[in-house]
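entry21.txt, holding compact mmCIF, C-alpha atoms:
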```
# COMPACT_ATOMS: atom_id res chain seq x y z
CA ILE A 367 0.00 0.00 0.00
CA ILE A 368 2.88 2.42 0.77
CA SER A 369 4.41 1.83 -2.67
CA GLN A 370 1.04 2.58 -4.30
CA TYR A 371 0.80 5.93 -2.44
CA PHE A 372 4.40 6.71 -3.37
CA THR A 373 3.70 5.95 -7.05
CA LEU A 374 0.53 8.06 -6.92
CA LEU A 375 2.47 10.98 -5.37
CA ILE A 376 5.10 10.80 -8.10
CA ILE A 377 2.42 10.84 -10.82
CA ILE A 378 0.67 13.83 -9.20
CA PHE A 379 4.00 15.67 -8.89
CA ILE A 380 4.80 15.07 -12.58
CA CYS A 381 1.33 16.26 -13.64
CA ILE A 382 1.59 19.46 -11.57
CA THR A 383 5.08 20.17 -12.94
CA LEU A 384 3.87 19.72 -16.53
CA LEU A 385 0.81 21.93 -15.98
CA LEU A 386 2.83 24.75 -14.38
CA GLY A 387 5.50 24.54 -17.08
CA THR A 388 2.87 24.65 -19.82
CA TYR A 389 1.13 27.63 -18.16
CA ALA A 390 4.42 29.53 -17.89
CA TRP A 391 5.24 28.85 -21.54
CA PHE A 392 1.86 30.11 -22.77
CA THR A 393 1.87 33.29 -20.63
CA TRP A 394 5.40 34.50 -21.50
CA SER A 395 5.53 37.61 -23.65
CA SER A 396 8.29 39.64 -25.25
CA THR A 397 8.73 43.24 -26.27
CA ASN A 398 8.19 42.58 -29.97
CA ASP A 399 6.22 44.82 -32.28
CA THR A 400 3.57 43.51 -34.66
CA GLN A 401 6.18 42.45 -37.23
CA GLY A 402 8.15 40.42 -34.65
CA ASN A 403 11.03 42.90 -34.35
CA THR A 404 12.60 43.47 -30.96
CA LEU A 405 12.05 47.06 -29.88
CA LEU A 406 14.61 48.92 -27.79
CA THR A 407 13.84 52.37 -26.41
CA MET A 408 16.33 54.83 -24.89
CA THR A 409 15.89 58.44 -23.82
CA ILE A 410 17.86 61.61 -24.41
CA GLY A 411 17.63 63.23 -21.00
CA GLN A 412 13.94 63.88 -20.47
CA LEU A 413 13.52 65.44 -23.88
CA ALA A 414 13.23 62.60 -26.37
CA ASP A 415 12.70 58.88 -26.87
CA VAL A 416 14.98 56.85 -29.12
CA THR A 417 13.52 53.65 -30.58
CA PHE A 418 15.59 50.97 -32.31
CA GLU A 419 13.22 48.70 -34.21
CA GLU A 420 15.67 45.80 -34.47
CA GLY A 421 17.95 46.52 -31.53
CA ASN A 422 20.98 48.76 -31.30
CA ASP A 423 23.65 46.14 -32.08
CA ILE A 424 25.92 46.39 -35.09
CA THR A 425 27.61 43.02 -35.30
CA GLY A 426 29.01 40.92 -38.08
CA ALA A 427 31.69 40.34 -40.65
CA LEU A 428 32.85 43.34 -42.63
CA ASN A 429 33.46 43.01 -46.33
CA PRO A 430 34.43 45.53 -48.99
CA VAL A 431 31.36 47.08 -50.63
CA PHE A 432 30.86 49.76 -53.27
CA TYR A 433 27.83 51.30 -51.55
CA TYR A 434 27.69 52.05 -47.83
CA SER A 435 24.10 50.77 -47.75
CA ASP A 436 25.47 47.24 -48.32
CA GLY A 437 27.39 47.34 -45.02
CA LEU A 438 26.36 46.50 -41.46
CA SER A 439 23.62 48.79 -40.17
CA THR A 440 21.00 49.72 -37.62
CA THR A 441 18.15 52.21 -37.82
CA PHE A 442 16.29 54.17 -35.16
CA THR A 443 13.93 57.07 -34.64
CA ILE A 444 14.19 60.00 -32.25
CA ASN A 445 10.88 61.42 -31.07
CA ASN A 446 11.19 64.83 -29.41
CA ASN A 447 8.80 64.90 -26.43
CA ASP A 448 9.75 68.40 -25.29
CA THR A 449 6.91 70.91 -25.43
CA THR A 450 8.80 73.75 -23.72
CA GLY A 451 11.02 74.61 -26.68
CA THR A 452 14.19 73.57 -24.88
CA SER A 453 17.04 73.04 -27.29
CA ALA A 454 19.39 70.12 -26.84
CA SER A 455 22.14 68.36 -28.71
CA TYR A 456 22.73 64.63 -28.87
CA ASN A 457 25.61 62.30 -29.72
CA ILE A 458 25.38 59.06 -31.67
CA ILE A 459 28.07 56.81 -30.21
CA PHE A 460 29.39 53.48 -31.48
CA ASN A 461 30.55 51.35 -28.54
CA ILE A 462 32.96 48.71 -29.86
CA THR A 463 33.04 45.63 -27.64
CA SER A 464 35.10 43.42 -29.92
CA ILE A 465 37.03 44.00 -33.13
CA ASP A 466 39.36 41.63 -34.96
CA PRO A 467 43.05 42.62 -34.63
CA VAL A 468 43.34 42.84 -38.42
CA LEU A 469 40.57 45.45 -38.46
CA ILE A 470 42.28 47.35 -35.64
CA ASN A 471 45.43 47.56 -37.75
CA HIS A 472 43.40 48.86 -40.71
CA SER A 473 40.78 50.87 -38.80
CA SER A 474 41.23 53.88 -41.07
CA ASN A 475 39.80 51.74 -43.91
CA ILE A 476 36.60 51.01 -41.96
CA LYS A 477 34.08 53.69 -42.85
CA TYR A 478 30.81 54.81 -41.33
CA VAL A 479 27.89 56.85 -42.60
CA VAL A 480 25.15 58.43 -40.48
CA LEU A 481 21.86 59.33 -42.16
CA LYS A 482 19.21 61.64 -40.73
CA ASN A 483 15.87 61.58 -42.55
CA GLY A 484 17.61 60.02 -45.54
CA GLU A 485 20.40 62.59 -45.84
CA ILE A 486 24.05 61.97 -44.97
CA VAL A 487 24.91 64.05 -41.89
CA GLY A 488 28.11 62.30 -40.87
CA GLU A 489 30.75 60.12 -42.45
CA ASN A 490 34.32 59.27 -41.63
CA SER A 491 36.55 56.32 -40.75
CA LEU A 492 36.87 54.40 -37.49
CA THR A 493 40.52 55.43 -37.12
CA GLY A 494 41.72 54.41 -33.67
CA ALA A 495 39.05 51.73 -33.21
CA ASP A 496 39.97 49.13 -30.60
CA ASN A 497 38.29 46.65 -28.26
CA ASN A 498 36.14 48.31 -25.58
CA THR A 499 36.30 51.80 -27.08
CA SER A 500 33.59 54.30 -27.96
CA ILE A 501 33.61 56.59 -30.98
CA THR A 502 31.24 59.54 -31.40
CA LEU A 503 29.87 59.25 -34.93
CA TYR A 504 27.66 62.33 -34.99
CA THR A 505 26.58 65.29 -32.86
CA GLY A 506 23.34 66.98 -33.80
CA ASP A 507 20.61 69.24 -32.53
CA LEU A 508 17.34 67.73 -31.44
CA ASP A 509 14.67 68.55 -34.04
CA SER A 510 11.00 68.89 -33.18
CA GLY A 511 8.86 65.89 -34.00
CA THR A 512 10.29 62.55 -35.12
CA THR A 513 13.48 61.99 -37.10
CA THR A 514 14.71 58.74 -38.60
CA HIS A 515 18.39 57.80 -38.45
CA ALA A 516 20.55 55.01 -39.87
CA VAL A 517 24.15 54.09 -39.12
CA TYR A 518 26.22 52.04 -41.59
CA LEU A 519 29.66 50.41 -41.15
CA TYR A 520 31.56 49.09 -44.14
CA ILE A 521 34.90 48.60 -45.83
CA ASP A 522 35.03 50.92 -48.82
CA SER A 523 35.93 48.87 -51.89
CA ASN A 524 36.54 52.09 -53.84
CA ILE A 525 39.94 52.33 -52.11
CA ASN A 526 42.85 49.90 -51.89
CA ASN A 527 42.33 47.51 -48.92
CA SER A 528 44.26 44.63 -47.47
CA ARG A 529 42.80 41.25 -48.45
CA GLU A 530 43.19 40.03 -44.87
CA MET A 531 40.38 42.43 -43.79
CA ILE A 532 37.73 40.48 -45.68
CA GLY A 533 35.24 38.72 -43.42
CA LYS A 534 36.72 39.94 -40.13
CA ASN A 535 34.24 40.61 -37.33
CA ILE A 536 33.28 43.69 -35.40
CA THR A 537 30.83 43.74 -32.48
CA GLY A 538 29.30 46.79 -30.89
CA ASN A 539 26.20 48.83 -30.28
CA ILE A 540 24.86 52.31 -30.84
CA THR A 541 23.84 54.57 -27.96
CA ILE A 542 22.30 58.01 -28.12
CA VAL A 543 23.10 60.44 -25.31
CA GLU A 544 22.53 64.09 -24.59
CA ALA A 545 25.59 66.09 -25.63
CA THR A 546 27.19 68.09 -22.89
CA ALA A 547 28.23 71.65 -23.57
```

Represent the structure of the file as structure tokens.
Amino acid sequence: IISQYFTLLIIIFICITLLLGTYAWFTWSSTNDTQGNTLLTMTIGQLADVTFEEGNDITGALNPVFYYSDGLSTTFTINNNDTTGTSASYNIIFNITSIDPVLINHSSNIKYVVLKNGEIVGENSLTGADNNTSITLYTGDLDSGTTTHAVYLYIDSNINNSREMIGKNITGNITIVEATA
């Protein structure tokens, strides 16, 4: 009789565990939009919200391209919430967490382009890029309303590059912060 109670207790325990696990699985939710993209929102002081529709990471292998738009990228919007007319500036910063040593040696050949509402507002090279460094890509004034931005990283194939750069990885993310005077 004791072994029957023990067996019954084990069966009840297994059933409860399965029910709770199933309930937890069905009630979990993420911060995805209607298209399934992960949304990430930051703020610029108390003046504006910054929304990355697919996250703020720029990660991957760099390859020479003719057009910057074929490089690694991320896009985001800045929505100015300020109703008092306060003016503010912001910085777009690329935080490099990991970069292949070959790319470090040829960092002046890694280019970036920053677009604001479809127009190029910043472009240069990542000269001096290294692991765990941050590079300010653009400083701008906060416009009223919503502005759309894009950041591209690429190796410019219109210039002479070392073959050893092809397919080397860079890992980092974009942050937007209020510029200090």

Subject >> Top pick for closest residue to Gly451 in chain A, considering A:Ile376, A:Leu508, A:Leu481, A:Ile382 and counting only C-alpha atoms >> reply: A:Leu508

**OP:** Kindly provide, as JSON, numbers by chain, the polymer residues lying within 10 Å of (24.3, 64.7, -30.5), counting all atoms listed in the file and using the coordinates exactly as they appear in the file.
**Re:** {"A": [410, 454, 455, 456, 457, 458, 459, 502, 503, 504, 505, 506, 507, 508, 542, 543, 544, 545, 546]}

**OP:** Could you give me, as a list in words, the residues that sit within 8 Å of (14.0, 63.9, -35.5) in the file's coordinates, counting only C-alpha atoms?
**Re:** Thr443, Ile444, Asn445, Asn446, Lys482, Asn483, Leu508, Asp509, Ser510, Gly511, Thr512, Thr513 and Thr514 of chain A

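Rounded to one decimal, CA of Ser523 in chain A and CA of Ile476 in chain A lie 10.2 Å from each other.
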
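We find CA of Ser500 in chain A and CA of Ile462 in chain A to be spaced 5.9 Å apart.
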
Original post:
Within 6 Å of Phe442 in chain A, counting only C-alpha atoms, which residues qualify if same-chain residues fewer than 6 places away don't, as a PyMOL selection string?
Top reply: chain A and resi 417-418+514-515

**OP:** Work out how far apart CA of Tyr518 in chain A and CA of Ile532 in chain A are and give it in Å to one decimal.
**Re:** 16.8 Å

Can you list, as a PDB file with C-alpha atoms, in the frame of the given file, every protein, DNA or RNA residue that comes within 7 Å of range 423-440 of chain A when you count all atoms listed in the file, leaving out same-chain residues fewer than 3 positions away?
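File out.pdb, as written:
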```pdb
ATOM      1  CA  ALA A 516      20.550  55.010 -39.870  1.00  0.00           C
ATOM      2  CA  VAL A 517      24.150  54.090 -39.120  1.00  0.00           C
ATOM      3  CA  TYR A 518      26.220  52.040 -41.590  1.00  0.00           C
ATOM      4  CA  LEU A 519      29.660  50.410 -41.150  1.00  0.00           C
ATOM      5  CA  TYR A 520      31.560  49.090 -44.140  1.00  0.00           C
ATOM      6  CA  ILE A 521      34.900  48.600 -45.830  1.00  0.00           C
ATOM      7  CA  ASP A 522      35.030  50.920 -48.820  1.00  0.00           C
ATOM      8  CA  SER A 523      35.930  48.870 -51.890  1.00  0.00           C
ATOM      9  CA  ASN A 524      36.540  52.090 -53.840  1.00  0.00           C
ATOM     10  CA  ILE A 532      37.730  40.480 -45.680  1.00  0.00           C
ATOM     11  CA  GLY A 533      35.240  38.720 -43.420  1.00  0.00           C
ATOM     12  CA  LYS A 534      36.720  39.940 -40.130  1.00  0.00           C
ATOM     13  CA  ASN A 535      34.240  40.610 -37.330  1.00  0.00           C
ATOM     14  CA  ILE A 536      33.280  43.690 -35.400  1.00  0.00           C
ATOM     15  CA  THR A 537      30.830  43.740 -32.480  1.00  0.00           C
ATOM     16  CA  GLY A 538      29.300  46.790 -30.890  1.00  0.00           C
ATOM     17  CA  ASN A 539      26.200  48.830 -30.280  1.00  0.00           C
ATOM     18  CA  ILE A 540      24.860  52.310 -30.840  1.00  0.00           C
TER      19      ILE A 540
END
```

**OP:** Using all atoms listed in the file, pick whichever of A:Thr499, A:Asn527, A:Ser369, A:Ser473 has the shortest atom-to-atom distance to Phe460 in chain A.
**Re:** A:Thr499

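Checking A:Ser453, A:Asn422, A:Asn471, A:Gln370 one by one against Met531 in chain A, counting all atoms listed in the file, you find the shortest gap at A:Asn471.
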
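Distances from A:Asn526, A:Thr463, A:Thr493, A:Thr373 to Lys477 in chain A were compared using all atoms listed in the file, and the smallest one belongs to A:Thr493.
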
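Shortest separation to Pro467 in chain A among A:Glu489, A:Asp448, A:Glu420, A:Asp496 occurs at residue A:Asp496, atoms counted being all atoms listed in the file.
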
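Closest approach to Asn475 in chain A among A:Gly494, A:Phe372, A:Ile378, A:Ile501: A:Gly494, based on all atoms listed in the file.
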